[in-house]
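A.B. asks: input.txt is the file, holding compact mmCIF, C-alpha atoms and all ligand atoms:
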```txt
# COMPACT_ATOMS: atom_id res chain seq x y z
CA MET F 1350 8.65 -3.20 -16.18
CA THR F 1351 7.28 -0.34 -18.26
CA ASP F 1352 7.91 3.34 -17.61
CA ALA F 1353 4.28 3.71 -16.63
CA GLY F 1354 5.00 1.45 -13.68
CA ILE F 1355 2.93 -1.16 -11.94
CA ASN F 1356 0.30 -0.32 -9.35
CA PHE F 1357 -1.33 -2.38 -6.64
CA HIS F 1358 -4.49 -1.56 -4.73
CA PHE F 1359 -5.67 -3.19 -1.51
CA ASP F 1360 -8.68 -2.76 0.75
CA VAL F 1361 -7.53 -3.28 4.31
CA ASP F 1362 -10.22 -4.75 6.54
CA GLY F 1363 -10.53 -3.03 9.89
CA GLU F 1364 -11.88 -5.82 12.04
CA ASP F 1365 -10.10 -8.76 10.58
CA PHE F 1366 -6.87 -9.58 12.39
CA SER F 1367 -6.58 -12.88 10.60
CA SER F 1368 -5.75 -11.14 7.35
CA ALA F 1369 -3.82 -8.24 8.89
CA GLY F 1370 -0.55 -7.91 7.02
CA ALA F 1371 -1.96 -9.56 3.88
CA ALA F 1372 -1.40 -6.52 1.66
CA SER F 1373 2.23 -6.25 2.79
CA VAL F 1374 2.85 -9.94 2.21
CA GLU F 1375 1.37 -9.61 -1.28
CA VAL F 1376 3.44 -6.52 -2.13
CA LYS F 1377 6.58 -8.22 -0.93
CA LYS F 1378 5.88 -11.26 -3.09
CA ASN F 1379 5.32 -9.05 -6.14
CA LEU F 1380 8.46 -6.98 -5.59
CA ARG F 1381 10.46 -10.14 -5.31
CA GLN F 1382 9.04 -11.42 -8.59
CA LEU F 1383 9.91 -8.09 -10.20
CA GLY F 1384 13.50 -8.63 -9.10
CA PHE F 1385 13.98 -5.75 -6.64
CA PRO F 1386 17.00 -6.03 -4.33
CA PRO F 1387 16.41 -7.59 -0.87
CA ASP F 1388 17.21 -4.40 1.06
CA VAL F 1389 14.59 -2.45 -0.91
CA ILE F 1390 12.04 -5.21 -0.39
CA ARG F 1391 12.79 -5.27 3.33
CA LYS F 1392 12.28 -1.51 3.69
CA VAL F 1393 9.00 -1.56 1.77
CA ALA F 1394 7.75 -4.62 3.66
CA ILE F 1395 8.44 -3.11 7.10
CA ALA F 1396 7.01 0.33 6.29
CA MET F 1397 3.96 -1.07 4.57
CA TYR F 1398 3.26 -3.62 7.33
CA GLU F 1399 3.38 -1.00 10.06
CA GLY F 1400 1.10 1.32 8.09
CA GLU F 1401 -1.29 -1.48 7.27
CA ILE F 1402 -1.49 -2.66 10.89
CA ASN F 1403 -2.03 0.90 12.11
CA MET F 1404 -5.04 1.20 9.83
CA VAL F 1405 -6.41 -2.06 11.24
CA ILE F 1406 -5.86 -1.31 14.93
CA HIS F 1407 -6.31 2.47 15.05
CA ALA F 1408 -8.53 3.42 12.10
CA ASN F 1409 -10.92 0.56 11.39
CA GLY F 1410 -9.28 -0.23 8.07
CA GLY F 1411 -8.57 1.73 4.91
CA THR F 1412 -6.91 1.39 1.55
CA ALA F 1413 -3.34 0.89 0.41
CA ASP F 1414 -1.98 1.81 -3.01
CA VAL F 1415 1.53 0.94 -4.09
CA PHE F 1416 3.09 2.55 -7.15
CA VAL F 1417 6.13 0.77 -8.46
CA LEU F 1418 8.57 2.56 -10.75
CA PRO F 1419 12.06 1.37 -11.71
CA ASP F 1420 13.70 3.94 -9.42
CA GLU F 1421 11.11 4.49 -6.68
CA ILE F 1422 8.32 2.72 -4.81
CA THR F 1423 5.53 4.85 -3.37
CA MET F 1424 3.04 3.62 -0.78
CA VAL F 1425 -0.14 5.58 -0.13
CA LEU F 1426 -2.27 4.57 2.87
CA ARG F 1427 -5.66 6.19 3.39
CA ASP F 1428 -8.15 5.69 6.17
CA GLN F 1429 -11.27 7.34 7.54
CA GLY F 1430 -10.38 6.68 11.14
CA PRO F 1431 -10.19 9.11 14.06
CA GLY F 1432 -7.10 10.96 12.78
CA ILE F 1433 -3.95 11.63 14.80
CA ALA F 1434 -4.26 14.45 17.34
CA ASP F 1435 -0.55 15.22 17.71
CA VAL F 1436 1.61 13.86 14.91
CA SER F 1437 4.97 14.73 16.44
CA LEU F 1438 3.94 12.96 19.66
CA ALA F 1439 2.70 9.93 17.69
CA MET F 1440 6.03 9.82 15.85
CA GLN F 1441 7.96 9.43 19.11
CA GLU F 1442 9.30 5.97 19.88
CA GLY F 1443 7.19 4.37 22.59
CA PHE F 1444 4.08 6.52 22.18
CA SER F 1445 1.00 4.37 21.79
CA THR F 1446 -2.71 4.59 22.45
CA ALA F 1447 -3.23 0.87 21.76
CA ARG F 1448 -5.71 -0.72 24.17
CA ASP F 1449 -4.93 -3.75 26.32
CA ASN F 1450 -6.65 -6.28 24.05
CA ILE F 1451 -4.47 -5.05 21.17
CA ARG F 1452 -1.33 -5.02 23.31
CA SER F 1453 -1.92 -8.62 24.29
CA LEU F 1454 -1.44 -9.49 20.61
CA GLY F 1455 2.03 -7.92 20.60
CA PHE F 1456 1.15 -4.48 19.26
CA GLY F 1457 1.54 -1.19 21.07
CA ALA F 1458 5.30 -0.79 21.37
CA GLY F 1459 4.88 2.61 19.79
CA MET F 1460 7.45 1.72 17.16
CA GLY F 1461 5.28 1.52 14.05
CA LEU F 1462 5.41 5.14 12.88
CA PRO F 1463 9.13 5.46 13.82
CA ASN F 1464 9.83 2.31 11.78
CA MET F 1465 7.92 3.75 8.83
CA LYS F 1466 10.07 6.87 8.97
CA LYS F 1467 13.30 4.97 9.49
CA TYR F 1468 12.84 2.56 6.61
CA THR F 1469 11.64 5.03 3.97
CA ASP F 1470 13.36 7.91 2.21
CA ALA F 1471 10.39 10.23 2.60
CA MET F 1472 7.19 10.13 4.63
CA GLU F 1473 4.34 12.62 4.76
CA ILE F 1474 1.34 12.45 7.08
CA GLU F 1475 -1.87 14.34 6.42
CA THR F 1476 -4.42 13.88 9.16
CA GLU F 1477 -7.60 15.50 10.38
CA LEU F 1478 -9.40 14.63 13.60
CA GLY F 1479 -12.64 12.81 12.93
CA LYS F 1480 -11.89 12.60 9.19
CA GLY F 1481 -8.96 10.29 8.71
CA THR F 1482 -5.31 9.97 7.84
CA LYS F 1483 -3.30 9.77 4.63
CA ILE F 1484 0.30 8.62 4.74
CA VAL F 1485 2.61 8.72 1.73
CA MET F 1486 5.95 6.89 1.93
CA ARG F 1487 8.64 6.64 -0.72
CA VAL F 1488 11.52 4.23 -1.00
CA LYS F 1489 14.23 5.00 -3.55
CA ILE F 1490 15.83 2.12 -5.41
CA MET C 1226 28.10 -17.75 12.91
CA MET C 1227 27.84 -20.90 10.79
CA PRO C 1228 24.41 -21.42 9.21
CA MET C 1229 22.67 -24.58 10.34
CA LYS C 1230 19.75 -26.40 8.72
CA LEU C 1231 16.53 -26.30 10.71
CA ASN C 1232 16.24 -30.07 10.78
CA VAL C 1233 19.68 -30.35 12.39
CA LEU C 1234 18.94 -27.56 14.81
CA ALA C 1235 15.55 -29.03 15.74
CA GLU C 1236 17.08 -32.41 16.40
CA ARG C 1237 19.94 -31.07 18.51
CA LEU C 1238 17.57 -28.99 20.64
CA ALA C 1239 14.81 -31.62 20.59
CA LEU C 1240 12.27 -29.02 19.50
CA THR C 1241 8.67 -29.96 18.82
CA HIS C 1242 7.93 -29.29 15.16
CA ILE C 1243 4.51 -27.75 14.65
CA CYS C 1244 4.55 -26.86 10.96
CA GLY C 1245 6.64 -25.69 8.04
CA GLU C 1246 9.65 -26.64 6.03
CA LEU C 1247 12.83 -27.90 7.73
CA ASP C 1248 15.18 -27.51 4.81
CA LYS C 1249 16.07 -23.88 5.59
CA ASP C 1250 19.22 -22.33 7.03
CA ALA C 1251 19.26 -20.58 10.40
CA SER C 1252 22.07 -18.06 10.73
CA GLY C 1253 21.19 -15.95 13.76
CA VAL C 1254 18.90 -15.59 16.74
CA TYR C 1255 16.53 -12.86 17.93
CA THR C 1256 14.10 -12.83 20.80
CA GLY C 1257 11.23 -10.43 21.46
CA ASP C 1258 7.46 -10.21 21.75
CA LEU C 1259 6.62 -6.67 20.65
CA LEU C 1260 5.88 -7.09 16.98
CA SER C 1261 6.91 -3.69 15.65
CA TRP C 1262 10.16 -4.00 17.59
CA VAL C 1263 10.77 -7.47 16.21
CA MET C 1264 9.80 -6.28 12.74
CA SER C 1265 12.71 -3.90 12.53
CA HIS C 1266 15.31 -6.06 14.30
CA VAL C 1267 14.90 -9.64 13.10
CA GLU C 1268 17.25 -10.36 10.21
CA ALA C 1269 16.53 -12.76 7.38
CA GLY C 1270 17.60 -16.23 8.49
CA ASP C 1271 17.15 -15.56 12.21
CA VAL C 1272 15.59 -17.99 14.62
CA TRP C 1273 12.92 -15.86 16.32
CA ILE C 1274 12.08 -16.86 19.88
CA THR C 1275 8.82 -15.49 21.27
CA ILE C 1276 5.90 -16.21 23.56
CA MET C 1277 3.48 -14.57 21.12
CA SER C 1278 1.50 -17.17 19.23
CA ASN C 1279 -1.27 -15.28 17.45
CA ILE C 1280 -1.64 -15.07 13.71
CA ASN C 1281 0.25 -11.77 13.44
CA VAL C 1282 3.43 -13.64 14.30
CA THR C 1283 3.19 -15.41 10.96
CA ALA C 1284 3.01 -12.13 9.03
CA VAL C 1285 6.06 -10.74 10.85
CA ALA C 1286 8.04 -13.96 10.40
CA SER C 1287 7.17 -14.10 6.73
CA LEU C 1288 7.90 -10.42 6.01
CA THR C 1289 11.25 -10.51 7.81
CA GLU C 1290 12.18 -13.91 6.34
CA ALA C 1291 13.00 -15.30 9.75
CA ALA C 1292 14.20 -18.90 9.41
CA CYS C 1293 11.67 -20.09 11.97
CA VAL C 1294 9.70 -19.19 15.07
CA ILE C 1295 10.29 -21.01 18.35
CA LEU C 1296 7.43 -20.59 20.80
CA ALA C 1297 9.00 -20.66 24.25
CA GLU C 1298 7.57 -21.97 27.53
CA CYS C 1299 5.19 -24.44 25.88
CA VAL C 1300 3.16 -21.74 24.15
CA GLN C 1301 0.91 -23.32 21.51
CA PRO C 1302 -0.39 -21.63 18.36
CA ASP C 1303 -4.10 -21.86 17.57
CA GLU C 1304 -5.40 -23.57 14.44
CA GLU C 1305 -5.78 -20.26 12.58
CA THR C 1306 -2.13 -19.42 13.20
CA ILE C 1307 -0.94 -22.84 12.04
CA GLN C 1308 -3.04 -22.51 8.90
CA ALA C 1309 -1.59 -19.05 8.15
CA ALA C 1310 1.92 -20.31 8.82
CA LYS C 1311 1.45 -23.13 6.33
CA GLU C 1312 0.19 -20.70 3.70
CA LYS C 1313 3.14 -18.36 4.22
CA ASN C 1314 5.67 -21.17 4.57
CA VAL C 1315 6.59 -20.13 8.11
CA THR C 1316 8.24 -22.85 10.19
CA ILE C 1317 7.08 -23.04 13.82
CA PHE C 1318 8.44 -25.04 16.75
CA SER C 1319 7.34 -25.18 20.35
CA ASP C 1320 9.51 -25.86 23.37
CA PRO C 1321 9.18 -25.91 27.16
CA ARG C 1322 12.35 -23.85 27.78
CA SER C 1323 12.24 -20.11 28.44
CA ALA C 1324 13.48 -17.61 25.86
CA TYR C 1325 16.65 -17.19 27.93
CA GLN C 1326 17.33 -20.92 28.11
CA LEU C 1327 16.67 -21.31 24.39
CA CYS C 1328 19.09 -18.45 23.61
CA CYS C 1329 21.79 -20.14 25.70
CA CYS C 1330 21.29 -23.48 23.94
CA LEU C 1331 21.20 -21.88 20.50
CA GLY C 1332 24.28 -19.83 21.31
CA ALA C 1333 26.15 -22.99 22.21
CA ILE C 1334 25.24 -24.99 19.13
CA LEU C 1335 25.39 -22.17 16.58
CA SER C 1336 28.81 -20.95 17.69
CA ASP C 1337 30.55 -24.34 17.65
CA GLY C 1338 28.68 -25.43 14.47
N1 LIG W 1501 -3.85 5.43 10.93
C1 LIG W 1501 -3.95 5.92 12.16
N2 LIG W 1501 -5.11 6.51 12.58
C2 LIG W 1501 -5.22 7.03 13.83
N3 LIG W 1501 -4.22 7.00 14.74
C3 LIG W 1501 -3.06 6.43 14.39
C4 LIG W 1501 -2.85 5.86 13.10
N4 LIG W 1501 -1.58 5.41 13.04
C5 LIG W 1501 -1.03 5.66 14.22
N5 LIG W 1501 -1.90 6.29 15.05
C6 LIG W 1501 -1.65 6.77 16.41
O1 LIG W 1501 -0.25 6.93 16.59
C7 LIG W 1501 0.20 6.12 17.70
C8 LIG W 1501 1.60 5.61 17.41
O2 LIG W 1501 1.59 4.71 16.31
P1 LIG W 1501 2.71 3.58 16.22
O3 LIG W 1501 2.43 2.76 15.01
O4 LIG W 1501 4.04 4.24 16.30
O5 LIG W 1501 2.51 2.73 17.54
P2 LIG W 1501 1.39 1.67 17.89
O6 LIG W 1501 0.63 1.30 16.66
O7 LIG W 1501 0.59 2.18 19.01
O8 LIG W 1501 2.26 0.43 18.38
P3 LIG W 1501 3.18 -0.52 17.45
O9 LIG W 1501 3.14 0.03 16.06
O10 LIG W 1501 4.53 -0.47 18.03
O11 LIG W 1501 2.55 -1.87 17.55
C9 LIG W 1501 -0.84 5.05 17.83
O12 LIG W 1501 -0.88 4.47 19.11
C10 LIG W 1501 -2.12 5.82 17.49
O13 LIG W 1501 -2.53 6.60 18.59
MG MG W 1502 1.63 0.74 14.93
```
For the file at hand, write its structure as structure tokens.

C.D. replies:
Amino acid sequence: MTDAGINFHFDVDGEDFSSAGAASVEVKKNLRQLGFPPDVIRKVAIAMYEGEINMVIHANGGTADVFVLPDEITMVLRDQGPGIADVSLAMQEGFSTARDNIRSLGFGAGMGLPNMKKYTDAMEIETELGKGTKIVMRVKI
Amino acid sequence: MMPMKLNVLAERLALTHICGELDKDASGVYTGDLLSWVMSHVEAGDVWITIMSNINVTAVASLTEAACVILAECVQPDEETIQAAKEKNVTIFSDPRSAYQLCCCLGAILSDG
């Protein structure tokens, strides 16, 4: 690994549930090849999956960028969805606006954002109603 | 808990094998259907018992490195899910028992080895 790091970019399709999670699976595979420890890979995989799925089910897709440095992995998720009206409410365990058809797939526990916070060392949410949401998460090695 | 190979476990429980490798160790059990809950609680090597059979189950099983998925109460995956499971090397079984009954059976065989 060079000091400049390794970056990954993904377009996350908003309608396509059959590929939902694909970016996370790919990142996990790459981190494993790069030799990161299992606990780091687990944290990144969980946080990234929840963020990726949220973009699919709540924001009609978006992009994911992952920046890999020897001592830190940064995930940046951007979407142009509806935005989050009340971030502190959305961060509460159990809060979900997922519709019934989404819930029937197993989503909507309202645990995604709490998981993202729990499994990363830092998480920032920038969101604007009608414009979209940007989430930056960092995991220290 | 002693790890047990999936082929041994499948034979002892008479599980129906749907897809995936059998030469993997199972070392624990978790049951749940809410994916983001499962995501943060399944440990690598766990047998994950669920009634969810859509394609998202394969992503969660693969990301958490669950040993396998057992679909309880005769739930069947669709073709898309089986295809995704094969690509991600996720092992899936199906069984008529409920999640509770499967947990009891697994508890019995995994604790006495
Ligand atoms: N990218 C996003 N754009 C718009 N709203 C979002 C986004 N991410 C989350 N939300 C809102 O925040 C709520 C809580 O998100 P969280 O991921 O915790 O739960 P969930 O996605 O509803 O269910 P789960 O993640 O447990 O399947 C969502 O129901 C949704 O209202
Ligand atoms: Mg979510």

A.B. asks: I'd like to know which of F:Ile1451, F:Val1488, F:Ala1471, F:Met1404 is closest to ligand LIG 1501 (chain W), using all atoms listed in the file.

C.D. replies: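 Closest residue, counting all atoms listed in the file: F:Met1404.
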
A.B. asks: Dump as a tab-separated table the rows for residues of chain F within 6 Å of chain C: closest atom pair and distance in Å with one decimal, all atoms listed in the file counted, ordered by chain and rising residue number.

C.D. replies:
```
residue	atom	partner	partner_atom	distance
F:Gly1370	CA	C:Ala1284	CA	5.9
F:Gly1455	CA	C:Leu1259	CA	4.8
F:Phe1456	CA	C:Leu1260	CA	5.9
F:Met1460	CA	C:Ser1261	CA	5.6
F:Gly1461	CA	C:Ser1261	CA	5.7
```

A.B. asks: Hey, can you check how far CA of Leu1296 in chain C sits from atom N5 of ligand LIG 1501 (chain W)?

C.D. replies: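 Rounded to one decimal, the two atoms are 29.0 Å apart.
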
A.B. asks: Report, in Å with one decimal, the straight-line distance from CA of Ile1307 in chain C to CA of Asp1365 in chain F.

C.D. replies: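 Result for CA of Ile1307 in chain C versus CA of Asp1365 in chain F: 16.9 Å, one decimal.
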
A.B. asks: Just how far from CA of Cys1330 in chain C is CA of Met1227 in chain C, in Å to one decimal?

C.D. replies: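 About the pair CA of Met1227 in chain C and CA of Cys1330 in chain C: they are 14.9 Å apart.
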
A.B. asks: Neighbouring residues of ligand LIG 1501 (chain W) are defined here as those with any atom at most 9 Å from a ligand atom, counting only C-alpha atoms and all ligand atoms; list them as a PyMOL selection string.

C.D. replies: (chain F and resi 1399-1411+1426-1436+1438-1448+1451-1452+1455-1465+1476+1478+1481-1484) or (chain C and resi 1259-1262)

A.B. asks: For each of C:Arg1322, C:Val1233, C:Thr1316, C:Cys1244, take the minimum atom-to-atom distance to Glu1304 in chain C, counting only C-alpha atoms, then give the residue where this is smallest.

C.D. replies: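 The shortest atom-to-atom distance to Glu1304 in chain C comes from C:Cys1244.
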
A.B. asks: Check the smallest atom-to-atom distance from each of F:Ile1422, F:Ala1369, F:Ile1474, F:Leu1454 to Val1389 in chain F using only C-alpha atoms, then report the winner.

C.D. replies: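 Ranking F:Ile1422, F:Ala1369, F:Ile1474, F:Leu1454 by distance to Val1389 in chain F, first place goes to F:Ile1422.
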
A.B. asks: May I ask which of the residues C:Ala1239, C:Cys1328, C:Val1300, C:Ile1317 is the closest one to Gly1253 in chain C, counting all atoms listed in the file?

C.D. replies: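 The answer is C:Cys1328, which sits nearest to Gly1253 in chain C.
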
A.B. asks: Which of these residues is nearest to Ala1396 in chain F, using only C-alpha atoms: F:Met1424, F:Lys1489, F:Gly1479, F:Asn1356?

C.D. replies: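 Closest residue, counting only C-alpha atoms: F:Met1424.
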
A.B. asks: Could you list, as a list in words, every residue within 12 Å of Lys1249 in chain C, counting all atoms listed in the file and ignoring same-chain residues fewer than 5 positions away?

C.D. replies: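 Final neighbour list, sorted by chain and number: Pro1228, Met1229, Lys1230, Leu1231, Asn1232, Val1233, Leu1234, Ala1235, Ala1269, Gly1270, Asp1271, Val1272, Glu1290, Ala1291, Ala1292, Cys1293, Asn1314, Val1315 and Thr1316 of chain C.
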